[in-house]
Each structure stands twice: as C-alpha cells, then as structure tokens.
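Below is the file protein35.pdb, which contains PDB, C-alpha atoms.
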ATOM      1  CA  MET A   8     -18.111  24.812 -14.093  1.00  0.00           C
ATOM      2  CA  ILE A   9     -16.956  21.250 -13.720  1.00  0.00           C
ATOM      3  CA  LYS A  10     -16.688  18.972 -16.730  1.00  0.00           C
ATOM      4  CA  MET A  11     -16.797  15.195 -16.822  1.00  0.00           C
ATOM      5  CA  HIS A  12     -16.220  13.136 -19.937  1.00  0.00           C
ATOM      6  CA  ARG A  13     -19.182  11.029 -21.001  1.00  0.00           C
ATOM      7  CA  GLU A  14     -17.175   7.785 -20.761  1.00  0.00           C
ATOM      8  CA  ASP A  15     -16.197   8.601 -17.169  1.00  0.00           C
ATOM      9  CA  TYR A  16     -19.830   9.245 -16.323  1.00  0.00           C
ATOM     10  CA  GLU A  17     -20.777   5.898 -17.853  1.00  0.00           C
ATOM     11  CA  LYS A  18     -17.989   4.254 -15.880  1.00  0.00           C
ATOM     12  CA  ILE A  19     -19.180   5.447 -12.475  1.00  0.00           C
ATOM     13  CA  LEU A  20     -22.816   4.890 -13.400  1.00  0.00           C
ATOM     14  CA  SER A  21     -22.164   1.295 -14.382  1.00  0.00           C
ATOM     15  CA  HIS A  22     -20.201   0.673 -11.196  1.00  0.00           C
ATOM     16  CA  ALA A  23     -22.818   2.345  -9.001  1.00  0.00           C
ATOM     17  CA  LYS A  24     -25.588   0.245 -10.530  1.00  0.00           C
ATOM     18  CA  ASN A  25     -23.567  -2.917  -9.972  1.00  0.00           C
ATOM     19  CA  GLU A  26     -22.888  -2.013  -6.354  1.00  0.00           C
ATOM     20  CA  ALA A  27     -26.449  -0.976  -5.476  1.00  0.00           C
ATOM     21  CA  PRO A  28     -27.940  -1.080  -2.911  1.00  0.00           C
ATOM     22  CA  ILE A  29     -24.439  -0.567  -1.443  1.00  0.00           C
ATOM     23  CA  GLU A  30     -23.150   2.980  -1.912  1.00  0.00           C
ATOM     24  CA  ALA A  31     -20.388   3.262  -4.508  1.00  0.00           C
ATOM     25  CA  CYS A  32     -17.614   5.826  -4.237  1.00  0.00           C
ATOM     26  CA  GLY A  33     -14.371   7.125  -5.645  1.00  0.00           C
ATOM     27  CA  LEU A  34     -12.242  10.114  -6.485  1.00  0.00           C
ATOM     28  CA  ILE A  35     -12.082  12.624  -9.303  1.00  0.00           C
ATOM     29  CA  ALA A  36      -8.887  14.162 -10.611  1.00  0.00           C
ATOM     30  CA  GLY A  37      -7.872  16.450 -13.396  1.00  0.00           C
ATOM     31  CA  HIS A  38      -6.828  20.000 -14.031  1.00  0.00           C
ATOM     32  CA  ILE A  39      -8.125  23.528 -13.669  1.00  0.00           C
ATOM     33  CA  GLU A  40      -8.621  25.930 -16.553  1.00  0.00           C
ATOM     34  CA  GLY A  41      -9.398  29.392 -15.267  1.00  0.00           C
ATOM     35  CA  LYS A  42     -12.358  28.852 -12.972  1.00  0.00           C
ATOM     36  CA  ASP A  43     -13.288  25.528 -14.532  1.00  0.00           C
ATOM     37  CA  LYS A  44     -12.456  22.077 -13.241  1.00  0.00           C
ATOM     38  CA  ILE A  45     -11.812  19.508 -15.941  1.00  0.00           C
ATOM     39  CA  ILE A  46     -12.009  15.901 -14.779  1.00  0.00           C
ATOM     40  CA  ASP A  47      -9.360  13.867 -16.581  1.00  0.00           C
ATOM     41  CA  LYS A  48      -9.811  10.681 -14.619  1.00  0.00           C
ATOM     42  CA  VAL A  49     -12.311   9.100 -12.269  1.00  0.00           C
ATOM     43  CA  TYR A  50     -11.223   6.522  -9.739  1.00  0.00           C
ATOM     44  CA  ILE A  51     -13.451   3.758  -8.492  1.00  0.00           C
ATOM     45  CA  LEU A  52     -12.603   2.834  -4.938  1.00  0.00           C
ATOM     46  CA  THR A  53     -13.970   0.302  -2.511  1.00  0.00           C
ATOM     47  CA  ASN A  54     -16.525   1.462   0.011  1.00  0.00           C
ATOM     48  CA  ILE A  55     -15.014  -0.155   3.096  1.00  0.00           C
ATOM     49  CA  ASP A  56     -18.274   0.408   4.988  1.00  0.00           C
ATOM     50  CA  HIS A  57     -20.033  -1.899   2.492  1.00  0.00           C
ATOM     51  CA  ALA A  58     -23.174  -0.087   3.585  1.00  0.00           C
ATOM     52  CA  GLU A  59     -26.346   1.147   1.978  1.00  0.00           C
ATOM     53  CA  GLU A  60     -26.299   4.442   3.871  1.00  0.00           C
ATOM     54  CA  HIS A  61     -22.604   5.193   4.393  1.00  0.00           C
ATOM     55  CA  PHE A  62     -19.358   5.211   2.534  1.00  0.00           C
ATOM     56  CA  SER A  63     -15.695   5.486   3.429  1.00  0.00           C
ATOM     57  CA  LEU A  64     -12.946   5.285   0.843  1.00  0.00           C
ATOM     58  CA  ASP A  65     -10.470   2.432   1.183  1.00  0.00           C
ATOM     59  CA  PRO A  66      -7.296   4.214   2.370  1.00  0.00           C
ATOM     60  CA  ARG A  67      -4.955   1.808   0.585  1.00  0.00           C
ATOM     61  CA  GLU A  68      -6.734   2.380  -2.698  1.00  0.00           C
ATOM     62  CA  GLN A  69      -6.819   6.090  -1.922  1.00  0.00           C
ATOM     63  CA  LEU A  70      -3.028   6.070  -1.516  1.00  0.00           C
ATOM     64  CA  ALA A  71      -2.626   4.310  -4.861  1.00  0.00           C
ATOM     65  CA  ALA A  72      -4.971   6.805  -6.525  1.00  0.00           C
ATOM     66  CA  VAL A  73      -3.092   9.785  -5.089  1.00  0.00           C
ATOM     67  CA  LYS A  74       0.175   8.393  -6.453  1.00  0.00           C
ATOM     68  CA  ASP A  75      -1.413   7.785  -9.828  1.00  0.00           C
ATOM     69  CA  MET A  76      -2.714  11.367  -9.909  1.00  0.00           C
ATOM     70  CA  ARG A  77       0.724  12.695  -9.106  1.00  0.00           C
ATOM     71  CA  SER A  78       2.436  10.583 -11.753  1.00  0.00           C
ATOM     72  CA  ASN A  79      -0.076  11.820 -14.338  1.00  0.00           C
ATOM     73  CA  GLY A  80       0.132  15.448 -13.236  1.00  0.00           C
ATOM     74  CA  TYR A  81      -3.487  15.544 -12.090  1.00  0.00           C
ATOM     75  CA  GLU A  82      -4.895  17.473  -9.172  1.00  0.00           C
ATOM     76  CA  GLN A  83      -7.337  15.821  -6.819  1.00  0.00           C
ATOM     77  CA  LEU A  84     -10.558  17.665  -7.523  1.00  0.00           C
ATOM     78  CA  GLY A  85     -12.895  15.917  -5.117  1.00  0.00           C
ATOM     79  CA  ASN A  86     -14.832  12.730  -4.749  1.00  0.00           C
ATOM     80  CA  TRP A  87     -18.027  11.071  -5.891  1.00  0.00           C
ATOM     81  CA  HIS A  88     -20.450   8.649  -4.330  1.00  0.00           C
ATOM     82  CA  SER A  89     -23.813   7.165  -5.111  1.00  0.00           C
ATOM     83  CA  HIS A  90     -27.141   7.499  -3.381  1.00  0.00           C
ATOM     84  CA  PRO A  91     -28.880   4.286  -4.425  1.00  0.00           C
ATOM     85  CA  VAL A  92     -32.288   5.233  -3.031  1.00  0.00           C
ATOM     86  CA  SER A  93     -32.076   8.923  -2.183  1.00  0.00           C
ATOM     87  CA  PRO A  94     -31.791  12.180  -4.126  1.00  0.00           C
ATOM     88  CA  SER A  95     -28.660  13.725  -5.573  1.00  0.00           C
ATOM     89  CA  ARG A  96     -28.069  16.163  -2.747  1.00  0.00           C
ATOM     90  CA  PRO A  97     -25.656  16.151   0.196  1.00  0.00           C
ATOM     91  CA  SER A  98     -27.009  14.541   3.343  1.00  0.00           C
ATOM     92  CA  ASP A  99     -26.252  15.987   6.759  1.00  0.00           C
ATOM     93  CA  GLU A 100     -23.482  13.419   7.104  1.00  0.00           C
ATOM     94  CA  ASP A 101     -22.102  14.343   3.683  1.00  0.00           C
ATOM     95  CA  LYS A 102     -21.916  17.971   4.781  1.00  0.00           C
ATOM     96  CA  ARG A 103     -20.398  17.144   8.138  1.00  0.00           C
ATOM     97  CA  LEU A 104     -17.598  15.165   6.507  1.00  0.00           C
ATOM     98  CA  ALA A 105     -16.986  17.625   3.673  1.00  0.00           C
ATOM     99  CA  TYR A 106     -14.067  19.377   5.331  1.00  0.00           C
ATOM    100  CA  ASP A 107     -12.425  20.575   2.087  1.00  0.00           C
ATOM    101  CA  SER A 108     -14.189  23.669   0.768  1.00  0.00           C
ATOM    102  CA  THR A 109     -12.081  23.606  -2.413  1.00  0.00           C
ATOM    103  CA  ALA A 110     -13.282  20.130  -3.372  1.00  0.00           C
ATOM    104  CA  SER A 111     -16.190  19.135  -5.576  1.00  0.00           C
ATOM    105  CA  TYR A 112     -18.518  16.574  -4.082  1.00  0.00           C
ATOM    106  CA  MET A 113     -20.361  14.634  -6.747  1.00  0.00           C
ATOM    107  CA  ILE A 114     -23.460  12.626  -5.896  1.00  0.00           C
ATOM    108  CA  LEU A 115     -25.022  10.140  -8.274  1.00  0.00           C
ATOM    109  CA  SER A 116     -28.613   9.310  -7.446  1.00  0.00           C
ATOM    110  CA  LEU A 117     -30.124   6.063  -8.666  1.00  0.00           C
ATOM    111  CA  MET A 118     -33.453   6.506  -6.926  1.00  0.00           C
ATOM    112  CA  ASP A 119     -35.377   7.211 -10.133  1.00  0.00           C
ATOM    113  CA  GLU A 120     -35.322   5.400 -13.435  1.00  0.00           C
ATOM    114  CA  GLU A 121     -33.180   8.204 -14.849  1.00  0.00           C
ATOM    115  CA  PRO A 122     -29.928   8.615 -12.856  1.00  0.00           C
ATOM    116  CA  VAL A 123     -29.042  12.104 -11.652  1.00  0.00           C
ATOM    117  CA  LEU A 124     -25.501  13.333 -11.109  1.00  0.00           C
ATOM    118  CA  ASN A 125     -24.853  16.655  -9.399  1.00  0.00           C
ATOM    119  CA  SER A 126     -21.691  18.298  -8.164  1.00  0.00           C
ATOM    120  CA  PHE A 127     -21.578  20.429  -5.033  1.00  0.00           C
ATOM    121  CA  HIS A 128     -19.330  22.913  -3.345  1.00  0.00           C
ATOM    122  CA  ILE A 129     -19.814  22.418   0.387  1.00  0.00           C
ATOM    123  CA  GLU A 130     -18.811  24.877   3.057  1.00  0.00           C
ATOM    124  CA  GLY A 131     -20.105  24.248   6.531  1.00  0.00           C
ATOM    125  CA  ASP A 132     -23.797  23.493   6.344  1.00  0.00           C
ATOM    126  CA  THR A 133     -24.181  25.139   2.969  1.00  0.00           C
ATOM    127  CA  ALA A 134     -24.056  23.120  -0.238  1.00  0.00           C
ATOM    128  CA  THR A 135     -24.062  24.942  -3.555  1.00  0.00           C
ATOM    129  CA  LYS A 136     -24.693  23.116  -6.792  1.00  0.00           C
ATOM    130  CA  GLU A 137     -21.920  23.552  -9.347  1.00  0.00           C
ATOM    131  CA  ASP A 138     -22.531  23.803 -13.075  1.00  0.00           C
ATOM    132  CA  LEU A 139     -21.817  20.320 -14.355  1.00  0.00           C
ATOM    133  CA  VAL A 140     -21.190  19.485 -17.997  1.00  0.00           C
ATOM    134  CA  ILE A 141     -21.076  15.863 -19.095  1.00  0.00           C
ATOM    135  CA  GLY A 142     -19.757  15.336 -22.566  1.00  0.00           C
TER     136      GLY A 142
ATOM    137  CA  MET B  14      17.417  15.380   6.846  1.00  0.00           C
ATOM    138  CA  LYS B  15      15.586  15.253   3.558  1.00  0.00           C
ATOM    139  CA  ILE B  16      12.218  13.595   3.326  1.00  0.00           C
ATOM    140  CA  THR B  17       9.472  13.477   0.740  1.00  0.00           C
ATOM    141  CA  VAL B  18       6.096  14.838   1.789  1.00  0.00           C
ATOM    142  CA  ALA B  19       3.185  14.431  -0.603  1.00  0.00           C
ATOM    143  CA  GLY B  20       5.620  14.021  -3.471  1.00  0.00           C
ATOM    144  CA  LYS B  21       7.791  17.018  -2.621  1.00  0.00           C
ATOM    145  CA  THR B  22      11.298  16.892  -1.193  1.00  0.00           C
ATOM    146  CA  LYS B  23      11.600  18.852   2.027  1.00  0.00           C
ATOM    147  CA  GLU B  24      14.218  19.409   4.673  1.00  0.00           C
ATOM    148  CA  TYR B  25      13.436  18.991   8.353  1.00  0.00           C
ATOM    149  CA  GLU B  26      15.463  18.600  11.482  1.00  0.00           C
ATOM    150  CA  ASP B  27      16.409  15.077  12.457  1.00  0.00           C
ATOM    151  CA  GLY B  28      14.246  13.154  14.867  1.00  0.00           C
ATOM    152  CA  ILE B  29      10.882  14.774  14.281  1.00  0.00           C
ATOM    153  CA  THR B  30       7.825  12.654  14.869  1.00  0.00           C
ATOM    154  CA  VAL B  31       4.800  12.180  12.675  1.00  0.00           C
ATOM    155  CA  ALA B  32       2.834  14.355  15.104  1.00  0.00           C
ATOM    156  CA  LYS B  33       5.396  17.156  14.741  1.00  0.00           C
ATOM    157  CA  LEU B  34       5.386  16.838  10.961  1.00  0.00           C
ATOM    158  CA  VAL B  35       1.592  17.097  10.920  1.00  0.00           C
ATOM    159  CA  GLU B  36       1.948  20.317  12.885  1.00  0.00           C
ATOM    160  CA  LEU B  37       4.796  21.727  10.772  1.00  0.00           C
ATOM    161  CA  GLU B  38       2.990  20.917   7.538  1.00  0.00           C
ATOM    162  CA  LYS B  39      -0.053  22.773   8.877  1.00  0.00           C
ATOM    163  CA  VAL B  40      -2.282  19.832   8.054  1.00  0.00           C
ATOM    164  CA  GLU B  41      -5.894  20.923   8.177  1.00  0.00           C
ATOM    165  CA  THR B  42      -8.369  18.820  10.140  1.00  0.00           C
ATOM    166  CA  PRO B  43      -5.641  16.457  11.400  1.00  0.00           C
ATOM    167  CA  GLU B  44      -8.306  14.355  13.100  1.00  0.00           C
ATOM    168  CA  TYR B  45      -9.377  13.240   9.609  1.00  0.00           C
ATOM    169  CA  VAL B  46      -5.878  12.501   8.333  1.00  0.00           C
ATOM    170  CA  THR B  47      -4.242   9.140   7.880  1.00  0.00           C
ATOM    171  CA  VAL B  48      -0.468   9.140   7.536  1.00  0.00           C
ATOM    172  CA  THR B  49       1.702   6.705   5.643  1.00  0.00           C
ATOM    173  CA  VAL B  50       5.468   6.462   5.923  1.00  0.00           C
ATOM    174  CA  ASN B  51       7.046   4.497   3.087  1.00  0.00           C
ATOM    175  CA  ASP B  52       3.578   3.151   2.252  1.00  0.00           C
ATOM    176  CA  GLU B  53       3.071   1.818   5.788  1.00  0.00           C
ATOM    177  CA  PHE B  54       0.037   3.195   7.592  1.00  0.00           C
ATOM    178  CA  VAL B  55       0.807   4.826  10.935  1.00  0.00           C
ATOM    179  CA  GLU B  56      -1.821   4.220  13.589  1.00  0.00           C
ATOM    180  CA  SER B  57      -3.263   7.537  14.736  1.00  0.00           C
ATOM    181  CA  GLY B  58      -2.316   6.681  18.322  1.00  0.00           C
ATOM    182  CA  SER B  59       1.321   6.297  17.264  1.00  0.00           C
ATOM    183  CA  PHE B  60       1.873   9.739  15.725  1.00  0.00           C
ATOM    184  CA  GLU B  61       3.748  10.937  18.815  1.00  0.00           C
ATOM    185  CA  ASP B  62       5.996   7.874  18.885  1.00  0.00           C
ATOM    186  CA  THR B  63       6.788   7.424  15.215  1.00  0.00           C
ATOM    187  CA  VAL B  64      10.031   9.117  14.250  1.00  0.00           C
ATOM    188  CA  ILE B  65      10.616  10.181  10.668  1.00  0.00           C
ATOM    189  CA  LYS B  66      13.975   9.170   9.216  1.00  0.00           C
ATOM    190  CA  ASP B  67      16.106  10.642   6.473  1.00  0.00           C
ATOM    191  CA  GLY B  68      14.815   9.565   3.076  1.00  0.00           C
ATOM    192  CA  ASP B  69      11.344   8.639   4.290  1.00  0.00           C
ATOM    193  CA  ASN B  70       8.365   9.147   2.029  1.00  0.00           C
ATOM    194  CA  VAL B  71       5.347  10.553   3.844  1.00  0.00           C
ATOM    195  CA  GLU B  72       1.804  10.915   2.578  1.00  0.00           C
ATOM    196  CA  PHE B  73      -1.221  12.531   4.206  1.00  0.00           C
ATOM    197  CA  LEU B  74      -4.524  10.966   3.254  1.00  0.00           C
ATOM    198  CA  TYR B  75      -7.692  12.786   4.140  1.00  0.00           C
ATOM    199  CA  PHE B  76     -10.605  10.669   5.260  1.00  0.00           C
ATOM    200  CA  MET B  77     -13.432  10.806   2.789  1.00  0.00           C
ATOM    201  CA  GLY B  78     -16.825   9.474   3.593  1.00  0.00           C
ATOM    202  CA  GLY B  79     -20.464  10.337   3.950  1.00  0.00           C
ATOM    203  CA  GLY B  80     -23.974   9.051   4.057  1.00  0.00           C
ATOM    204  CA  CYS B  81     -27.155   9.354   2.083  1.00  0.00           C
TER     205      CYS B  81
END
Would you mind writing the file out in structure tokens?
Amino acid sequence: MIKMHREDYEKILSHAKNEAPIEACGLIAGHIEGKDKIIDKVYILTNIDHAEEHFSLDPREQLAAVKDMRSNGYEQLGNWHSHPVSPSRPSDEDKRLAYDSTASYMILSLMDEEPVLNSFHIEGDTATKEDLVIG
Amino acid sequence: MKITVAGKTKEYEDGITVAKLVELEKVETPEYVTVTVNDEFVESGSFEDTVIKDGDNVEFLYFMGGGC
C-alpha cells in the first residue's frame, strides 16, 4: 500500500491542472512502515521538456529535492507525473524509462472531468497497480 | 582520501575519476545517471577525465522521465 496525504494530492492536482496541456511532474518522498510506503512530502519539479507528451525532471531541482529529503530523513519513494489527455496508466515510454523496480510511479490523469491518480510498480514491460490510499 | 557520496562519508584511493567512482559504487543503469561534484554537474563525456579530490561531495542523480 502507498499512502498520500490529501493535501499533497490537492497540491499536485492543482499544479497539474495549471500546467496542462504540458505534463507536470515531480518526486515523492517519505518513509516505509512494514510493506507500506508513506508519502511525507511531494515535490513539484519543472518538466524541462515543456511538452504535452513527455517529461524530464529538471536535474538542478532534482538535486535540491534529494538534499531536502536527506535533511528531513525521507527516502525517495518514486516520482509522479500527469497525463493531461490520456489515462492513468504507464505508457510504453514510461515503462522503458522506469529503471528502478523499487520505485512507485504515480500517474495523474486529467483526461476526464474527475481526475484519476494511480500508483504503479514497474518491472520491465509489466506494470502492476499498487493499492493507493489518499487521506 | 575521504569523500561524501550521496550523503555518506566514504574512503577511496586518491586520484580516482568519476567514471571509476561510478563503477566502484556499483551504480545501476549508469547511462541514466547524472553526476554532480560539489553541486557542479559533470558532463557525461567528462566522467573519465574528472578526478575526484579529497573532501569532494558527490551525488548521483537518476534520470527520470516518461511520456503519455
């Protein structure tokens, strides 16, 4: 199970809506309790591709986020990005670039009136949806 | 020499390069890794030529990206 606080969800949702149709992206960090990942902080980073169909995290902002995680005692748990006009599922490119099988890959879809956020474990070509709790 | 790698103090022989450190640290998927030394980004083509010095602070940043 992976848990995200409601205010963090609202934070990335608001940012993703503001950025649309450009993909929004960032990192998630927190701690692990047993088999559960608890997100203590979400990071909003710049998509340096500034594209509607791609994202790449800004490495300078990524460096700052990694340092912030360390100073707060957080583990990097994965990343998140938005799909402004496509479903909340990993694309082929998402899978190809998901080289860390321990990470959670969160995808926020804005294609329908009601946003959809899912979290995935990705290993090779196989993406498995993780139990996500927002609250 | 003592250097800091991803926030941890480590001891390595003098004169190692970024490329050697990537190897010694067993960095996975090095083709997707960006390296900083004292917050300066090292061009991927310069890994073999960039020598780590005593007291340096090294970070490995994994490329993260995707599509839709």
Quiz prompt | Nearest to Arg77 (chain A), chosen from B:Val50, B:Met14, B:Ala19, B:Leu34, with only C-alpha atoms counted in the distances | solution = B:Ala19
Self-check item: Explicit residues for the PyMOL selection byres ((chain A) within 9 of (chain B)) (as a PyMOL selection string)
Solution: chain A and resi 30+32+54+59-64+66-67+69-70+73-74+77+86+88-107
Self-check item: Distance in Å - CA of Glu38 (chain B) versus CA of Gly68 (chain B)
Solution: 17.0 Å
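Using all atoms listed in the file, the nearest neighbour of Ile65 (chain B) within the list B:Val18, B:Glu24, B:Ile29, B:Val46 is B:Ile29.
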Quiz item: From the set A:Ile9, A:Val49, A:Ser108, A:Ala27, which residue has the shortest atom-to-atom contact distance to Ser126 (chain A), counting only C-alpha atoms?
Solution: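 Counting only C-alpha atoms, the residue closest to Ser126 (chain A) is A:Ile9.
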Applying the PyMOL selection byres ((chain A and resi 11-20) around 12) to the file I just gave you, which residues come out? Please list them as a PDB file with C-alpha atoms, in the coordinates of the input.
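Contents of expr-v3.pdb, freshly written:
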ATOM      1  CA  MET A   8     -18.111  24.812 -14.093  1.00  0.00           C
ATOM      2  CA  ILE A   9     -16.956  21.250 -13.720  1.00  0.00           C
ATOM      3  CA  LYS A  10     -16.688  18.972 -16.730  1.00  0.00           C
ATOM      4  CA  SER A  21     -22.164   1.295 -14.382  1.00  0.00           C
ATOM      5  CA  HIS A  22     -20.201   0.673 -11.196  1.00  0.00           C
ATOM      6  CA  ALA A  23     -22.818   2.345  -9.001  1.00  0.00           C
ATOM      7  CA  LYS A  24     -25.588   0.245 -10.530  1.00  0.00           C
ATOM      8  CA  ASN A  25     -23.567  -2.917  -9.972  1.00  0.00           C
ATOM      9  CA  GLU A  26     -22.888  -2.013  -6.354  1.00  0.00           C
ATOM     10  CA  ALA A  27     -26.449  -0.976  -5.476  1.00  0.00           C
ATOM     11  CA  GLU A  30     -23.150   2.980  -1.912  1.00  0.00           C
ATOM     12  CA  ALA A  31     -20.388   3.262  -4.508  1.00  0.00           C
ATOM     13  CA  CYS A  32     -17.614   5.826  -4.237  1.00  0.00           C
ATOM     14  CA  GLY A  33     -14.371   7.125  -5.645  1.00  0.00           C
ATOM     15  CA  LEU A  34     -12.242  10.114  -6.485  1.00  0.00           C
ATOM     16  CA  ILE A  35     -12.082  12.624  -9.303  1.00  0.00           C
ATOM     17  CA  ALA A  36      -8.887  14.162 -10.611  1.00  0.00           C
ATOM     18  CA  GLY A  37      -7.872  16.450 -13.396  1.00  0.00           C
ATOM     19  CA  HIS A  38      -6.828  20.000 -14.031  1.00  0.00           C
ATOM     20  CA  ASP A  43     -13.288  25.528 -14.532  1.00  0.00           C
ATOM     21  CA  LYS A  44     -12.456  22.077 -13.241  1.00  0.00           C
ATOM     22  CA  ILE A  45     -11.812  19.508 -15.941  1.00  0.00           C
ATOM     23  CA  ILE A  46     -12.009  15.901 -14.779  1.00  0.00           C
ATOM     24  CA  ASP A  47      -9.360  13.867 -16.581  1.00  0.00           C
ATOM     25  CA  LYS A  48      -9.811  10.681 -14.619  1.00  0.00           C
ATOM     26  CA  VAL A  49     -12.311   9.100 -12.269  1.00  0.00           C
ATOM     27  CA  TYR A  50     -11.223   6.522  -9.739  1.00  0.00           C
ATOM     28  CA  ILE A  51     -13.451   3.758  -8.492  1.00  0.00           C
ATOM     29  CA  LEU A  52     -12.603   2.834  -4.938  1.00  0.00           C
ATOM     30  CA  LEU A  84     -10.558  17.665  -7.523  1.00  0.00           C
ATOM     31  CA  ASN A  86     -14.832  12.730  -4.749  1.00  0.00           C
ATOM     32  CA  TRP A  87     -18.027  11.071  -5.891  1.00  0.00           C
ATOM     33  CA  HIS A  88     -20.450   8.649  -4.330  1.00  0.00           C
ATOM     34  CA  SER A  89     -23.813   7.165  -5.111  1.00  0.00           C
ATOM     35  CA  HIS A  90     -27.141   7.499  -3.381  1.00  0.00           C
ATOM     36  CA  PRO A  91     -28.880   4.286  -4.425  1.00  0.00           C
ATOM     37  CA  SER A 111     -16.190  19.135  -5.576  1.00  0.00           C
ATOM     38  CA  MET A 113     -20.361  14.634  -6.747  1.00  0.00           C
ATOM     39  CA  ILE A 114     -23.460  12.626  -5.896  1.00  0.00           C
ATOM     40  CA  LEU A 115     -25.022  10.140  -8.274  1.00  0.00           C
ATOM     41  CA  SER A 116     -28.613   9.310  -7.446  1.00  0.00           C
ATOM     42  CA  LEU A 117     -30.124   6.063  -8.666  1.00  0.00           C
ATOM     43  CA  GLU A 121     -33.180   8.204 -14.849  1.00  0.00           C
ATOM     44  CA  PRO A 122     -29.928   8.615 -12.856  1.00  0.00           C
ATOM     45  CA  VAL A 123     -29.042  12.104 -11.652  1.00  0.00           C
ATOM     46  CA  LEU A 124     -25.501  13.333 -11.109  1.00  0.00           C
ATOM     47  CA  ASN A 125     -24.853  16.655  -9.399  1.00  0.00           C
ATOM     48  CA  SER A 126     -21.691  18.298  -8.164  1.00  0.00           C
ATOM     49  CA  ASP A 138     -22.531  23.803 -13.075  1.00  0.00           C
ATOM     50  CA  LEU A 139     -21.817  20.320 -14.355  1.00  0.00           C
ATOM     51  CA  VAL A 140     -21.190  19.485 -17.997  1.00  0.00           C
ATOM     52  CA  ILE A 141     -21.076  15.863 -19.095  1.00  0.00           C
ATOM     53  CA  GLY A 142     -19.757  15.336 -22.566  1.00  0.00           C
TER      54      GLY A 142
END
Self-check item: Selection: 7 Å around Thr63 (chain B), only C-alpha atoms, excl. self and same-chain fewer than 3 positions, as a ChimeraX atom specification
Solution: /B:30-31,59-60
Quiz item: Interatomic distance between CA of Leu37 (chain B) and CA of Val64 (chain B)?
Solution: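 Answer for the CA of Leu37 (chain B) to CA of Val64 (chain B) separation: 14.1 Å.
As for CA of Val71 (chain B) and CA of Lys15 (chain B), they are spaced 11.3 Å apart.
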Quiz prompt | Within-6 Å shell of (-25.3, 21.3, -3.4) in input frame, only C-alpha atoms, as a PyMOL selection string | solution = chain A and resi 96+127+134-136
